[in-house]
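Source file: structure_12.txt. Holds: compact mmCIF, C-alpha atoms.
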# COMPACT_ATOMS: atom_id res chain seq x y z
CA MET A 447 67.37 87.89 250.62
CA LYS A 448 67.13 90.26 247.67
CA HIS A 449 63.82 90.29 245.85
CA THR A 450 63.23 91.52 242.31
CA LEU A 451 59.71 92.81 241.80
CA SER A 452 58.18 93.56 238.41
CA VAL A 453 55.23 95.93 238.77
CA LEU A 454 52.94 96.93 235.89
CA VAL A 455 51.18 100.22 236.65
CA GLU A 456 48.98 102.80 234.96
CA ASN A 457 51.23 105.46 233.45
CA GLN A 458 49.86 108.29 235.61
CA PRO A 459 51.46 111.08 237.68
CA GLY A 460 52.04 110.13 241.32
CA VAL A 461 52.03 106.34 240.86
CA LEU A 462 55.76 105.98 241.51
CA THR A 463 55.47 108.10 244.65
CA ARG A 464 52.71 105.85 246.03
CA VAL A 465 54.67 102.67 245.23
CA CYS A 466 57.89 103.97 246.80
CA GLY A 467 55.97 105.37 249.76
CA LEU A 468 54.81 101.89 250.67
CA PHE A 469 58.43 100.81 251.10
CA ALA A 470 59.41 104.00 252.94
CA ARG A 471 56.56 103.74 255.45
CA ARG A 472 57.77 100.28 256.41
CA GLY A 473 61.40 101.38 256.67
CA TYR A 474 62.63 99.28 253.74
CA ASN A 475 65.31 100.54 251.43
CA ILE A 476 64.89 100.11 247.70
CA GLU A 477 68.30 99.01 246.42
CA SER A 478 67.46 99.51 242.75
CA LEU A 479 64.57 101.16 240.95
CA ALA A 480 63.90 101.52 237.24
CA VAL A 481 60.71 102.66 235.57
CA GLY A 482 59.64 103.23 231.99
CA GLU A 483 56.81 102.86 229.52
CA THR A 484 56.05 99.44 228.09
CA HIS A 485 54.99 98.70 224.51
CA ASP A 486 51.65 100.22 225.59
CA PRO A 487 52.22 103.93 226.43
CA SER A 488 49.41 103.87 229.00
CA ILE A 489 51.31 101.26 231.07
CA SER A 490 54.70 101.53 232.79
CA CYS A 491 56.84 98.78 234.26
CA ILE A 492 58.62 99.40 237.55
CA THR A 493 61.45 97.03 238.45
CA ILE A 494 62.29 97.15 242.15
CA VAL A 495 65.11 95.35 243.93
CA ALA A 496 64.70 95.31 247.69
CA GLY A 497 66.25 93.28 250.46
CA GLY A 498 64.13 91.76 253.15
CA GLU A 499 62.66 88.66 254.67
CA ASP A 500 60.36 86.66 252.40
CA LEU A 501 57.35 87.15 254.66
CA VAL A 502 57.79 90.93 254.83
CA ILE A 503 58.27 91.30 251.06
CA GLU A 504 55.20 89.11 250.55
CA GLN A 505 53.25 91.55 252.75
CA VAL A 506 54.53 94.54 250.76
CA VAL A 507 53.55 92.79 247.50
CA LYS A 508 50.00 92.24 248.82
CA GLN A 509 49.73 95.89 249.82
CA LEU A 510 51.12 97.08 246.48
CA ASP A 511 48.53 94.91 244.73
CA LYS A 512 45.80 96.88 246.52
CA LEU A 513 46.91 100.20 245.04
CA ILE A 514 44.41 101.31 242.42
CA ASP A 515 47.03 102.09 239.74
CA VAL A 516 48.81 98.73 240.06
CA ILE A 517 47.80 96.36 237.26
CA GLU A 518 50.02 93.39 238.13
CA ILE A 519 52.87 92.70 240.50
CA ARG A 520 55.23 89.73 240.40
CA ASP A 521 58.13 88.72 242.62
CA ILE A 522 60.33 87.20 239.93
CA SER A 523 63.22 86.39 242.27
CA GLU A 524 62.62 82.63 242.13
CA THR A 525 62.02 82.45 238.36
CA GLU A 526 64.45 82.48 235.48
CA TYR A 527 64.82 86.01 234.20
CA VAL A 528 67.16 88.20 232.21
CA ASP A 529 68.34 91.41 233.85
CA ARG A 530 70.46 94.32 232.73
CA GLU A 531 71.83 97.51 234.17
CA LEU A 532 73.62 100.42 232.51
CA MET A 533 76.72 101.91 234.11
CA LEU A 534 78.78 104.92 233.08
CA LEU A 535 82.31 105.22 234.49
CA LYS A 536 84.64 108.18 234.16
CA VAL A 537 88.20 106.90 234.48
CA ARG A 538 91.52 108.73 234.68
CA ALA A 539 93.32 107.99 231.42
CA GLU A 540 96.68 109.49 230.67
CA ALA A 541 97.71 108.90 227.07
CA SER A 542 100.25 106.24 228.12
CA ARG A 543 97.58 104.09 229.82
CA ARG A 544 94.70 104.41 227.35
CA GLY A 545 95.69 101.24 225.48
CA GLU A 546 95.38 99.19 228.68
CA ILE A 547 91.99 100.69 229.45
CA MET A 548 90.78 100.05 225.90
CA GLN A 549 91.74 96.36 226.23
CA ILE A 550 89.68 96.04 229.42
CA VAL A 551 86.76 97.82 227.73
CA ASP A 552 86.96 95.35 224.81
CA ILE A 553 87.12 92.31 227.11
CA PHE A 554 83.88 93.38 228.79
CA ARG A 555 82.24 94.35 225.49
CA ALA A 556 81.76 97.85 226.85
CA ARG A 557 82.15 101.09 224.87
CA ILE A 558 84.10 104.31 225.21
CA VAL A 559 81.52 107.05 224.73
CA ASP A 560 83.63 110.13 225.47
CA ILE A 561 87.31 111.01 225.38
CA GLY A 562 88.55 113.91 227.46
CA GLN A 563 92.05 115.26 227.83
CA ASP A 564 92.73 113.15 230.94
CA THR A 565 89.63 110.94 231.18
CA LEU A 566 87.51 108.40 229.33
CA ILE A 567 83.81 107.79 229.88
CA ILE A 568 82.91 104.14 229.49
CA GLU A 569 79.44 102.65 229.01
CA CYS A 570 78.85 99.12 230.24
CA THR A 571 75.60 97.17 230.03
CA GLY A 572 75.12 93.84 231.76
CA ASP A 573 74.06 92.00 234.85
CA ASP A 574 75.32 92.91 238.31
CA GLY A 575 78.30 90.54 238.05
CA LYS A 576 79.55 92.13 234.84
CA THR A 577 79.19 95.71 236.05
CA GLN A 578 80.98 94.90 239.32
CA ALA A 579 83.78 93.11 237.46
CA ILE A 580 84.52 95.99 235.07
CA GLU A 581 84.39 98.45 237.96
CA LYS A 582 86.94 96.34 239.86
CA SER A 583 89.16 96.07 236.75
CA LEU A 584 89.15 99.83 236.15
CA LYS A 585 89.58 100.87 239.79
CA PRO A 586 93.43 100.83 239.65
CA PHE A 587 93.34 103.53 236.92
CA GLY A 588 91.29 105.83 239.16
CA ILE A 589 87.52 106.05 238.88
CA VAL A 590 86.60 109.72 238.92
CA GLU A 591 82.84 109.24 238.77
CA LEU A 592 80.39 106.37 238.45
CA VAL A 593 76.63 106.32 237.86
CA ARG A 594 74.34 103.39 237.19
CA THR A 595 70.72 102.82 236.36
CA GLY A 596 68.50 100.50 238.31
CA LYS A 597 68.10 96.90 237.22
CA ILE A 598 65.53 96.08 234.57
CA ALA A 599 64.37 92.49 234.30
CA MET A 600 62.15 90.26 232.18
CA VAL A 601 61.01 86.69 232.85
CA ARG A 602 62.31 84.16 230.30
CA GLY A 603 59.85 82.51 227.90
CA LEU A 604 56.11 82.95 227.95
CA LYS A 605 55.64 82.17 231.63
CA TYR A 606 54.49 84.63 234.26
CA GLY A 607 56.35 84.91 237.55
CA ASP A 608 54.00 82.38 239.16
CA GLY A 609 54.57 79.67 236.53
CA ARG A 610 51.35 80.21 234.56
CA GLU A 611 51.52 80.12 230.76
What's the structure tokens form of this structure?
Amino acid sequence: MKHTLSVLVENQPGVLTRVCGLFARRGYNIESLAVGETHDPSISCITIVAGGEDLVIEQVVKQLDKLIDVIEIRDISETEYVDRELMLLKVRAEASRRGEIMQIVDIFRARIVDIGQDTLIIECTGDDGKTQAIEKSLKPFGIVELVRTGKIAMVRGLKYGDGRE
């Protein structure tokens, strides 16, 4: 099962290395990782998506919680949350096919952010389903390059990941 972890940490050098090192030492791959400051510049939020058995992820969460720079860690996988990811795609786009590509971009509410002589760079923001769908739709035109951020996520409402208000 995939787990989405939201980790609040002190915004200090080396914190990300220690957090990622915990996964690496146990041989677990992090599928997605995003980190950035919160509304408080002294605190960062790390969103981690990792696959693994519930018991093993629970163990990793407990060990992460022991790290001195970790303020709070929540496995939000079982709660209602909103998630987003940013993807940039560079697509082959001869002049004769640009209209078709632009229609697909509009359908997905994405944006063309750069126009080259033979390519377009498209920005798409959404959940995993949306980013996969636009990628699949643009594949026949020829994807030259694709990069994506890690998932960021936020629990809906005022509840914490464990159901507390």
Skipping near chain neighbours, those fewer than 2 positions away, what residues fall within 12 Å of Asp511 (chain A) using only C-alpha atoms, listed as JSON, numbers by chain? {"A": [451, 452, 453, 454, 455, 464, 465, 468, 504, 505, 506, 507, 508, 509, 513, 514, 515, 516, 517, 518, 519, 520, 521]}
Selection near region 491-498 of chain A, 6 Å with all atoms listed in the file, sequence-local residues under 4 positions removed, as a PyMOL selection string: chain A and resi 447-454+476-482+598
Option closest in space to Gly603 (chain A), from A:Phe554, A:Tyr527, A:Tyr474, A:Phe587 [counting all atoms listed in the file]: A:Tyr527
With distances taken over all atoms listed in the file, which of A:Ser488, A:Thr525, A:Ser583, A:Thr577 is nearest to Val601 (chain A)? A:Thr525
Please identify all polymer residues within 7 Å of Glu531 (chain A), counting all atoms listed in the file, omitting same-chain residues fewer than 3 positions from it, and present them as number ranges by chain. A: 571-573, 595-598
Restricting it to C-alpha atoms, dump the selection as a compact mmCIF listing (two decimals), in the frame of the given file.
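Saved file again.txt follows:
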# COMPACT_ATOMS: atom_id res chain seq x y z
CA THR A 571 75.60 97.17 230.03
CA GLY A 572 75.12 93.84 231.76
CA ASP A 573 74.06 92.00 234.85
CA THR A 595 70.72 102.82 236.36
CA GLY A 596 68.50 100.50 238.31
CA LYS A 597 68.10 96.90 237.22
CA ILE A 598 65.53 96.08 234.57
Which residue is closest to Asn457 (chain A)? Choose from A:Met548, A:Ala579, A:Leu501, A:Ile489 and count all atoms listed in the file. A:Ile489
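Between CA of Asp500 (chain A) and CA of Thr463 (chain A) there is a distance of 23.3 Å.
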What is the CA of Lys582 (chain A)-CA of Ala599 (chain A) distance in Å, reported with one decimal?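 Between these atoms lies a distance of 23.6 Å.
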Of the listed residues A:Arg594, A:Lys585, A:Lys576, A:Lys512, that which approaches Ala539 (chain A) most closely, counting only C-alpha atoms: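 Residue with the minimum atom-to-atom distance to Ala539 (chain A): A:Lys585.
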In terms of the shortest atom-to-atom distance over only C-alpha atoms, which of A:Leu510, A:Asp560, A:Arg530, A:Thr484 is closest to Val461 (chain A)? A:Leu510
Which residue, A:Pro586, A:Pro487, A:Ile558, A:Ile568, has the smallest gap to Leu534 (chain A) when you use all atoms listed in the file?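 Checking each candidate against Leu534 (chain A), we get A:Ile568 as the closest.
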What's the 8 Å shell around Leu584 (chain A), counting only C-alpha atoms, without same-chain residues fewer than 3 positions away, as a PyMOL selection string? chain A and resi 537+547+550+580-581+587-589
So how far away is CA of Leu592 (chain A) from CA of Ile561 (chain A), in Å? 15.5 Å
